[in-house]
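Asker: Dropping in work-v7.txt, with compact mmCIF, C-alpha atoms.
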```
# COMPACT_ATOMS: atom_id res chain seq x y z
CA MET A 1 -36.74 -60.25 8.21
CA SER A 2 -38.75 -57.81 10.27
CA ASP A 3 -41.47 -57.73 7.59
CA LEU A 4 -42.26 -61.26 8.69
CA LYS A 5 -44.20 -59.79 11.59
CA GLN A 6 -47.00 -58.86 9.24
CA TYR A 7 -47.54 -62.59 8.60
CA ILE A 8 -47.91 -63.39 12.30
CA ARG A 9 -51.39 -63.06 13.79
CA ASN A 10 -51.70 -61.76 17.34
CA ILE A 11 -54.38 -63.41 19.43
CA PRO A 12 -55.11 -61.96 22.87
CA ASP A 13 -55.90 -64.21 25.84
CA PHE A 14 -54.86 -67.54 24.30
CA PRO A 15 -54.39 -70.12 25.66
CA LYS A 16 -55.33 -68.20 28.78
CA LYS A 17 -56.18 -64.68 29.90
CA GLY A 18 -53.32 -62.20 29.72
CA ILE A 19 -51.28 -64.11 27.15
CA LEU A 20 -50.86 -62.62 23.70
CA PHE A 21 -50.46 -65.61 21.42
CA ARG A 22 -48.30 -65.28 18.30
CA ASP A 23 -50.03 -67.36 15.66
CA ILE A 24 -47.77 -68.72 12.91
CA THR A 25 -50.56 -70.35 10.88
CA THR A 26 -51.04 -67.12 8.93
CA LEU A 27 -47.39 -67.33 7.89
CA LEU A 28 -47.75 -71.01 6.99
CA SER A 29 -50.82 -70.32 4.89
CA ASN A 30 -48.66 -68.23 2.58
CA GLY A 31 -46.68 -70.85 0.66
CA ARG A 32 -44.23 -68.34 -0.75
CA LYS A 33 -43.47 -66.85 2.66
CA PHE A 34 -43.19 -70.23 4.35
CA LYS A 35 -40.67 -71.25 1.70
CA GLU A 36 -38.74 -68.02 2.16
CA VAL A 37 -38.38 -68.63 5.90
CA VAL A 38 -37.18 -72.22 5.47
CA ASP A 39 -34.79 -71.15 2.70
CA LYS A 40 -33.34 -68.43 4.89
CA LEU A 41 -32.65 -70.93 7.66
CA ALA A 42 -31.28 -73.51 5.22
CA LYS A 43 -28.90 -70.92 3.79
CA ARG A 44 -27.63 -70.13 7.27
CA TYR A 45 -26.76 -73.78 7.93
CA ALA A 46 -25.69 -74.88 4.46
CA GLY A 47 -22.16 -76.33 4.54
CA LYS A 48 -22.24 -76.71 8.33
CA ASP A 49 -22.56 -80.49 8.10
CA ILE A 50 -25.71 -80.65 10.17
CA ASP A 51 -26.45 -84.31 10.87
CA ALA A 52 -29.87 -83.91 12.44
CA VAL A 53 -32.55 -81.34 13.09
CA VAL A 54 -34.16 -82.02 16.46
CA ALA A 55 -37.60 -80.46 16.88
CA VAL A 56 -40.15 -80.28 19.66
CA GLU A 57 -43.74 -81.46 19.16
CA SER A 58 -45.91 -80.20 17.52
CA ARG A 59 -45.30 -76.80 16.00
CA GLY A 60 -41.55 -77.32 16.03
CA PHE A 61 -42.09 -80.21 13.62
CA ILE A 62 -43.41 -77.84 10.97
CA PHE A 63 -40.27 -75.78 10.47
CA GLY A 64 -37.95 -78.55 11.67
CA SER A 65 -38.89 -81.14 9.10
CA ALA A 66 -38.86 -78.75 6.17
CA LEU A 67 -35.43 -77.54 7.26
CA ALA A 68 -34.11 -81.09 7.73
CA TYR A 69 -35.42 -82.00 4.28
CA LYS A 70 -33.74 -79.00 2.66
CA LEU A 71 -30.43 -79.69 4.44
CA GLY A 72 -30.58 -83.42 3.68
CA ALA A 73 -30.30 -84.01 7.42
CA ALA A 74 -32.10 -86.45 9.67
CA PHE A 75 -35.25 -85.31 11.43
CA VAL A 76 -35.54 -86.21 15.11
CA PRO A 77 -38.87 -85.69 16.87
CA VAL A 78 -38.90 -84.79 20.56
CA ARG A 79 -42.33 -85.67 21.86
CA LYS A 80 -44.56 -85.49 24.90
CA LYS A 81 -44.33 -88.36 27.37
CA GLY A 82 -45.65 -91.69 26.09
CA LYS A 83 -45.85 -90.82 22.42
CA LEU A 84 -42.62 -92.33 21.14
CA PRO A 85 -42.83 -96.10 20.71
CA PHE A 86 -39.20 -97.22 21.25
CA LYS A 87 -36.90 -96.87 24.27
CA THR A 88 -36.71 -93.25 25.32
CA LEU A 89 -34.83 -90.80 27.49
CA SER A 90 -36.91 -88.12 29.18
CA ALA A 91 -36.53 -84.63 30.64
CA ALA A 92 -39.05 -82.68 32.73
CA TYR A 93 -39.88 -79.01 32.23
CA THR A 94 -42.06 -76.29 33.63
CA LEU A 95 -43.99 -74.35 31.05
CA GLU A 96 -45.71 -70.99 31.15
CA TYR A 97 -49.00 -72.88 31.03
CA GLY A 98 -48.24 -75.97 33.16
CA LYS A 99 -45.81 -78.86 33.61
CA ASP A 100 -44.83 -81.82 31.47
CA SER A 101 -41.97 -83.96 30.22
CA LEU A 102 -40.40 -84.54 26.83
CA GLU A 103 -38.88 -87.69 25.39
CA VAL A 104 -36.51 -88.68 22.63
CA HIS A 105 -35.63 -92.12 21.29
CA GLU A 106 -32.38 -93.34 22.82
CA ASP A 107 -31.05 -94.23 19.35
CA ALA A 108 -32.20 -90.98 17.71
CA PHE A 109 -28.70 -90.03 16.56
CA LYS A 110 -25.07 -91.05 17.14
CA PRO A 111 -22.90 -89.47 19.86
CA GLY A 112 -21.10 -86.45 18.46
CA ALA A 113 -23.73 -85.78 15.80
CA ARG A 114 -23.96 -82.12 14.76
CA ILE A 115 -27.38 -80.95 15.86
CA LEU A 116 -29.72 -78.06 15.19
CA LEU A 117 -32.43 -77.75 17.81
CA ILE A 118 -35.54 -75.94 16.61
CA ASP A 119 -38.89 -74.76 17.91
CA ASP A 120 -41.37 -72.20 16.66
CA LEU A 121 -41.30 -69.95 19.73
CA LEU A 122 -38.87 -69.01 22.49
CA ALA A 123 -40.83 -67.89 25.53
CA THR A 124 -39.40 -68.80 28.96
CA GLY A 125 -37.12 -71.40 27.39
CA GLY A 126 -38.52 -74.17 29.56
CA THR A 127 -39.46 -76.51 26.74
CA LEU A 128 -36.25 -76.01 24.83
CA GLY A 129 -34.27 -76.42 28.04
CA ALA A 130 -35.66 -79.94 28.24
CA GLY A 131 -34.81 -80.42 24.56
CA VAL A 132 -31.22 -79.36 25.24
CA GLU A 133 -31.04 -81.79 28.15
CA LEU A 134 -32.18 -84.64 25.89
CA VAL A 135 -29.65 -83.81 23.18
CA LYS A 136 -26.89 -83.63 25.80
CA LYS A 137 -27.90 -87.02 27.23
CA LEU A 138 -27.42 -88.44 23.74
CA LYS A 139 -24.07 -86.63 23.47
CA GLY A 140 -25.22 -84.53 20.53
CA ASN A 141 -23.14 -81.55 19.52
CA ILE A 142 -25.55 -78.59 19.42
CA GLN A 143 -24.54 -76.16 16.68
CA GLU A 144 -27.32 -73.68 17.29
CA ILE A 145 -30.80 -73.36 18.75
CA VAL A 146 -33.26 -71.86 16.29
CA PHE A 147 -36.62 -70.17 16.77
CA ILE A 148 -38.99 -68.51 14.40
CA ILE A 149 -40.23 -66.16 17.13
CA GLU A 150 -38.52 -64.92 20.28
CA LEU A 151 -40.39 -63.15 23.09
CA LEU A 152 -37.62 -60.96 24.47
CA ASP A 153 -39.43 -60.00 27.70
CA LEU A 154 -39.44 -63.58 28.93
CA LYS A 155 -35.65 -63.87 28.72
CA GLY A 156 -35.66 -67.47 27.55
CA ARG A 157 -32.27 -66.90 25.97
CA GLU A 158 -30.69 -66.76 29.43
CA LYS A 159 -31.81 -70.30 30.11
CA LEU A 160 -30.10 -71.48 26.92
CA LYS A 161 -26.91 -69.49 27.34
CA ASP A 162 -24.49 -72.38 26.83
CA PHE A 163 -25.36 -72.42 23.13
CA PRO A 164 -25.79 -69.94 20.30
CA VAL A 165 -29.44 -68.96 19.87
CA TYR A 166 -30.88 -67.57 16.66
CA SER A 167 -34.37 -66.21 16.08
CA LEU A 168 -36.02 -64.68 13.04
CA ILE A 169 -38.69 -62.50 14.63
CA LYS A 170 -38.31 -60.69 17.94
CA TYR A 171 -41.07 -59.15 20.05
CA MET B 1 -40.59 -98.16 -2.93
CA SER B 2 -40.95 -101.48 -1.16
CA ASP B 3 -37.37 -101.23 0.11
CA LEU B 4 -38.67 -98.46 2.35
CA LYS B 5 -39.98 -101.15 4.67
CA GLN B 6 -36.48 -101.81 5.89
CA TYR B 7 -36.42 -98.27 7.29
CA ILE B 8 -39.61 -98.78 9.29
CA ARG B 9 -39.22 -100.26 12.77
CA ASN B 10 -41.88 -102.66 14.00
CA ILE B 11 -42.77 -102.33 17.66
CA PRO B 12 -45.11 -104.92 19.15
CA ASP B 13 -47.76 -103.96 21.71
CA PHE B 14 -47.58 -100.19 21.29
CA PRO B 15 -49.49 -98.12 22.26
CA LYS B 16 -51.37 -101.11 23.68
CA LYS B 17 -51.21 -104.90 23.69
CA GLY B 18 -51.90 -106.54 20.35
CA ILE B 19 -51.01 -103.57 18.20
CA LEU B 20 -47.92 -103.74 16.02
CA PHE B 21 -46.74 -100.17 15.74
CA ARG B 22 -44.98 -99.05 12.56
CA ASP B 23 -42.32 -96.60 13.70
CA ILE B 24 -41.26 -94.01 11.12
CA THR B 25 -38.54 -92.41 13.27
CA THR B 26 -36.00 -94.88 11.89
CA LEU B 27 -36.83 -93.60 8.40
CA LEU B 28 -36.61 -89.98 9.53
CA SER B 29 -33.24 -90.57 11.15
CA ASN B 30 -31.83 -91.33 7.73
CA GLY B 31 -31.61 -87.91 6.10
CA ARG B 32 -31.02 -89.30 2.62
CA LYS B 33 -34.01 -91.60 2.80
CA PHE B 34 -36.29 -88.96 4.31
CA LYS B 35 -35.37 -86.65 1.44
CA GLU B 36 -36.01 -89.41 -1.08
CA VAL B 37 -39.52 -89.97 0.26
CA VAL B 38 -40.42 -86.28 0.19
CA ASP B 39 -38.93 -85.89 -3.29
CA LYS B 40 -40.95 -88.83 -4.56
CA LEU B 41 -44.16 -87.26 -3.29
CA ALA B 42 -43.20 -83.82 -4.58
CA LYS B 43 -42.54 -85.28 -8.03
CA ARG B 44 -45.97 -86.88 -8.02
CA TYR B 45 -47.67 -83.54 -7.36
CA ALA B 46 -45.40 -81.18 -9.27
CA GLY B 47 -47.39 -79.16 -11.81
CA LYS B 48 -50.71 -80.05 -10.16
CA ASP B 49 -51.10 -76.54 -8.76
CA ILE B 50 -51.47 -77.67 -5.18
CA ASP B 51 -52.47 -74.65 -3.09
CA ALA B 52 -52.15 -76.22 0.34
CA VAL B 53 -50.97 -79.35 2.08
CA VAL B 54 -53.26 -80.12 4.99
CA ALA B 55 -51.73 -82.38 7.64
CA VAL B 56 -52.93 -83.94 10.85
CA GLU B 57 -51.07 -83.40 14.14
CA SER B 58 -48.39 -84.47 14.99
CA ARG B 59 -46.69 -87.03 12.78
CA GLY B 60 -48.54 -85.81 9.72
CA PHE B 61 -46.79 -82.47 10.17
CA ILE B 62 -43.42 -84.09 9.52
CA PHE B 63 -44.03 -85.19 5.96
CA GLY B 64 -46.68 -82.55 5.29
CA SER B 65 -44.56 -79.51 5.95
CA ALA B 66 -41.56 -80.79 4.02
CA LEU B 67 -43.85 -81.57 1.10
CA ALA B 68 -45.57 -78.16 1.28
CA TYR B 69 -42.17 -76.49 1.36
CA LYS B 70 -40.95 -78.41 -1.68
CA LEU B 71 -44.15 -77.68 -3.62
CA GLY B 72 -44.17 -74.02 -2.60
CA ALA B 73 -47.65 -74.61 -1.19
CA ALA B 74 -49.24 -73.42 2.02
CA PHE B 75 -49.08 -75.68 5.05
CA VAL B 76 -52.31 -76.08 7.01
CA PRO B 77 -52.17 -77.79 10.41
CA VAL B 78 -55.16 -79.81 11.57
CA ARG B 79 -54.88 -80.09 15.33
CA LYS B 80 -56.43 -81.67 18.38
CA LYS B 81 -59.25 -79.77 20.05
CA GLY B 82 -58.21 -76.53 21.78
CA LYS B 83 -54.75 -76.21 20.23
CA LEU B 84 -55.45 -73.75 17.43
CA PRO B 85 -55.75 -70.17 18.65
CA PHE B 86 -58.12 -68.58 16.11
CA LYS B 87 -61.72 -69.41 15.17
CA THR B 88 -61.98 -73.06 14.25
CA LEU B 89 -64.23 -75.66 12.69
CA SER B 90 -64.19 -79.09 14.27
CA ALA B 91 -64.93 -82.72 13.40
CA ALA B 92 -65.17 -85.67 15.77
CA TYR B 93 -63.64 -89.07 15.12
CA THR B 94 -63.30 -92.47 16.70
CA LEU B 95 -59.78 -93.85 16.72
CA GLU B 96 -58.41 -97.32 17.18
CA TYR B 97 -57.17 -96.18 20.58
CA GLY B 98 -59.97 -93.84 21.73
CA LYS B 99 -62.05 -90.83 20.75
CA ASP B 100 -61.25 -87.22 20.00
CA SER B 101 -61.92 -84.29 17.72
CA LEU B 102 -59.84 -82.34 15.23
CA GLU B 103 -59.92 -78.68 14.36
CA VAL B 104 -58.84 -76.40 11.57
CA HIS B 105 -58.79 -72.60 11.38
CA GLU B 106 -61.84 -71.31 9.56
CA ASP B 107 -59.63 -69.11 7.35
CA ALA B 108 -57.05 -71.83 6.67
CA PHE B 109 -57.50 -71.64 2.90
CA LYS B 110 -59.86 -70.17 0.32
CA PRO B 111 -62.91 -72.06 -1.00
CA GLY B 112 -61.92 -74.04 -4.08
CA ALA B 113 -58.27 -74.34 -3.05
CA ARG B 114 -56.52 -77.44 -4.43
CA ILE B 115 -55.66 -79.55 -1.42
CA LEU B 116 -53.43 -82.49 -0.58
CA LEU B 117 -54.39 -84.15 2.67
CA ILE B 118 -51.55 -86.07 4.30
CA ASP B 119 -50.88 -88.24 7.32
CA ASP B 120 -48.17 -90.71 8.14
CA LEU B 121 -50.38 -93.76 8.56
CA LEU B 122 -53.71 -95.04 7.24
CA ALA B 123 -55.22 -97.44 9.76
CA THR B 124 -59.02 -97.41 10.15
CA GLY B 125 -59.24 -94.05 8.39
CA GLY B 126 -61.01 -92.44 11.34
CA THR B 127 -58.60 -89.57 11.80
CA LEU B 128 -58.36 -88.79 8.12
CA GLY B 129 -62.11 -89.03 7.79
CA ALA B 130 -62.32 -86.11 10.20
CA GLY B 131 -59.64 -84.33 8.19
CA VAL B 132 -61.68 -84.82 5.03
CA GLU B 133 -64.76 -83.45 6.78
CA LEU B 134 -62.86 -80.32 7.79
CA VAL B 135 -61.52 -79.72 4.29
CA LYS B 136 -65.02 -80.17 2.88
CA LYS B 137 -66.47 -77.69 5.39
CA LEU B 138 -63.96 -75.15 4.08
CA LYS B 139 -64.90 -76.10 0.49
CA GLY B 140 -61.42 -77.31 -0.33
CA ASN B 141 -60.91 -79.33 -3.47
CA ILE B 142 -59.13 -82.52 -2.39
CA GLN B 143 -56.73 -83.70 -5.10
CA GLU B 144 -55.48 -86.74 -3.26
CA ILE B 145 -55.07 -88.19 0.21
CA VAL B 146 -51.52 -89.29 0.91
CA PHE B 147 -50.06 -91.68 3.45
CA ILE B 148 -46.57 -92.91 4.04
CA ILE B 149 -47.88 -96.22 5.41
CA GLU B 150 -51.15 -98.03 4.77
CA LEU B 151 -52.36 -100.95 6.90
CA LEU B 152 -54.39 -102.87 4.35
CA ASP B 153 -56.14 -105.15 6.85
CA LEU B 154 -57.92 -102.24 8.49
CA LYS B 155 -59.55 -101.16 5.22
CA GLY B 156 -59.27 -97.43 5.95
CA ARG B 157 -59.35 -96.79 2.21
CA GLU B 158 -63.04 -97.72 2.14
CA LYS B 159 -63.81 -94.88 4.51
CA LEU B 160 -62.08 -92.42 2.18
CA LYS B 161 -63.53 -93.78 -1.05
CA ASP B 162 -64.78 -90.44 -2.41
CA PHE B 163 -61.20 -89.40 -3.09
CA PRO B 164 -58.06 -90.86 -4.61
CA VAL B 165 -55.80 -92.36 -1.95
CA TYR B 166 -52.08 -92.90 -2.39
CA SER B 167 -49.69 -94.67 -0.03
CA LEU B 168 -46.00 -95.44 -0.29
CA ILE B 169 -45.70 -98.51 1.94
CA LYS B 170 -48.38 -101.16 2.31
CA TYR B 171 -48.61 -103.81 5.03
```
Go ahead and render the structure in this file as structure tokens.
Answerer:
Amino acid sequence: MSDLKQYIRNIPDFPKKGILFRDITTLLSNGRKFKEVVDKLAKRYAGKDIDAVVAVESRGFIFGSALAYKLGAAFVPVRKKGKLPFKTLSAAYTLEYGKDSLEVHEDAFKPGARILLIDDLLATGGTLGAGVELVKKLKGNIQEIVFIIELLDLKGREKLKDFPVYSLIKY
Amino acid sequence: MSDLKQYIRNIPDFPKKGILFRDITTLLSNGRKFKEVVDKLAKRYAGKDIDAVVAVESRGFIFGSALAYKLGAAFVPVRKKGKLPFKTLSAAYTLEYGKDSLEVHEDAFKPGARILLIDDLLATGGTLGAGVELVKKLKGNIQEIVFIIELLDLKGREKLKDFPVYSLIKY
């Protein structure tokens, strides 16, 4: 799906100088293309008995929930500290642009559940590393980690090497 | 869909004392029920030529993107200040729990586009009021404003009275 690149907008120096931001809103604003991307992912995981799609706030929610819907799977939000209202587990991470922690509800899914973990972008893998940690704490069975965009230079894949990683667009 | 209430978890004193938080994660963690909710909304808007579903960060993204996907419409994220990378328009709002502003990309959709505006919860209507303002600035044609949950006591509907408002679960 290399033609997908033409739907991604490149924005220099966002969120800070020296970073070339890959903007997915131009893909999302094309309903046909957005559908095509979700359908492609859904086809990949059809028949794999995915119990839940776990996605990281906020952009991960966009592809994650549409994919969960299409698969008939549960949708599990992983959110920034303090946002989830029930009892949570948390995992810290260091990001390209700072530091933070992520949380998931402790009853988000049952132990052994077959999980897809999704985010829009794989950069250093810091955020998703925390996501993986949360899923492991809940004894989820990660089937694959999915990204729309992967920034190859940042070698995030190495940080996630215990699991299969799949991305649609590589830079 | 009053039976939907049994899938919503009530959490007292979140995010602060005296507020009874309606937690949708228990609905989302039931894949069948999540699908049913999105399908119900999609059925309501099928054939209405919706061009874009505009949703407010972050929980609004969950239902908004699945609905956009099902309708084959564009998905337009409205985000907190400073999150969107391209040129934005912004609108301030006062929330139950504080103050903030929302932004949308200035090229998010074409003037005259047929828009559904969606969020998970209608409380005072402050957030969605800002969403409405942004859609109006872009000359979008709001077909309906959609909520999963409406808190009737807070009369948010009055703030949105220029447009049809639809909600699935009323408290």
Asker: Could the residues of chain A within 10 Å of chain B, counting only C-alpha atoms, be given as an MDAnalysis selection string, please?
Answerer: chainID A and resid 9:15 21:39 51:53 57:77 79 82:86 105 107:109
Asker: Fewer than 3 positions away in the same chain doesn't count, so skip those; otherwise give me all residues within 9 Å of Pro164 in chain B, counting only C-alpha atoms, as a list of chain:residue names.
Answerer: B:Ile142, B:Gln143, B:Glu144, B:Ile145, B:Val146, B:Leu160, B:Lys161
Asker: Excluding Ala91 in chain B and any residue of its chain fewer than 6 positions from it, enumerate the residues within 6 Å of it, using all atoms listed in the file, and give them as a PyMOL selection string.
Answerer: chain B and resi 101-102+130
Asker: Residues near Leu122 in chain B, anyone? I mean within 7 Å using all atoms listed in the file, not counting same-chain ones fewer than 3 positions away, as a PyMOL selection string.
Answerer: chain B and resi 125+147+149-151+156
Asker: What's the separation between CA of Ala123 in chain A and CA of Val104 in chain B, in Å to one decimal place?
Answerer: 24.3 Å
Asker: Have a look at CA of Lys170 in chain B and CA of Tyr7 in chain B and let me know their distance in Å, one decimal.
Answerer: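 Taking CA of Lys170 in chain B and CA of Tyr7 in chain B, their separation equals 13.3 Å.
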Asker: For the atom pair CA of Lys159 in chain B and CA of Gln6 in chain B, what is the interatomic distance in Å to one decimal place?
Answerer: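 Here the two named atoms are 28.2 Å from each other.
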Asker: Padding 4 Å on each side, edges along x, y and z: where is the centre of the box around the listed atoms of range 78-87 of chain B, and how long are its edges in Å to one decimal? Output it as JSON.
Answerer:
```
{"center_x": -58.2, "center_y": -75.1, "center_z": 16.7, "size_x": 15.0, "size_y": 21.1, "size_z": 18.2}
```
Asker: At a cut-off of 9 Å, using only C-alpha atoms, what residues contact Gly131 in chain B? Leave out same-chain residues fewer than 4 positions from it and give the result as a list of chain:residue names.
Answerer: B:Val54, B:Ala55, B:Val56, B:Val78, B:Ala91, B:Leu102, B:Glu103, B:Val104, B:Leu117, B:Gly126, B:Thr127, B:Val135, B:Lys136
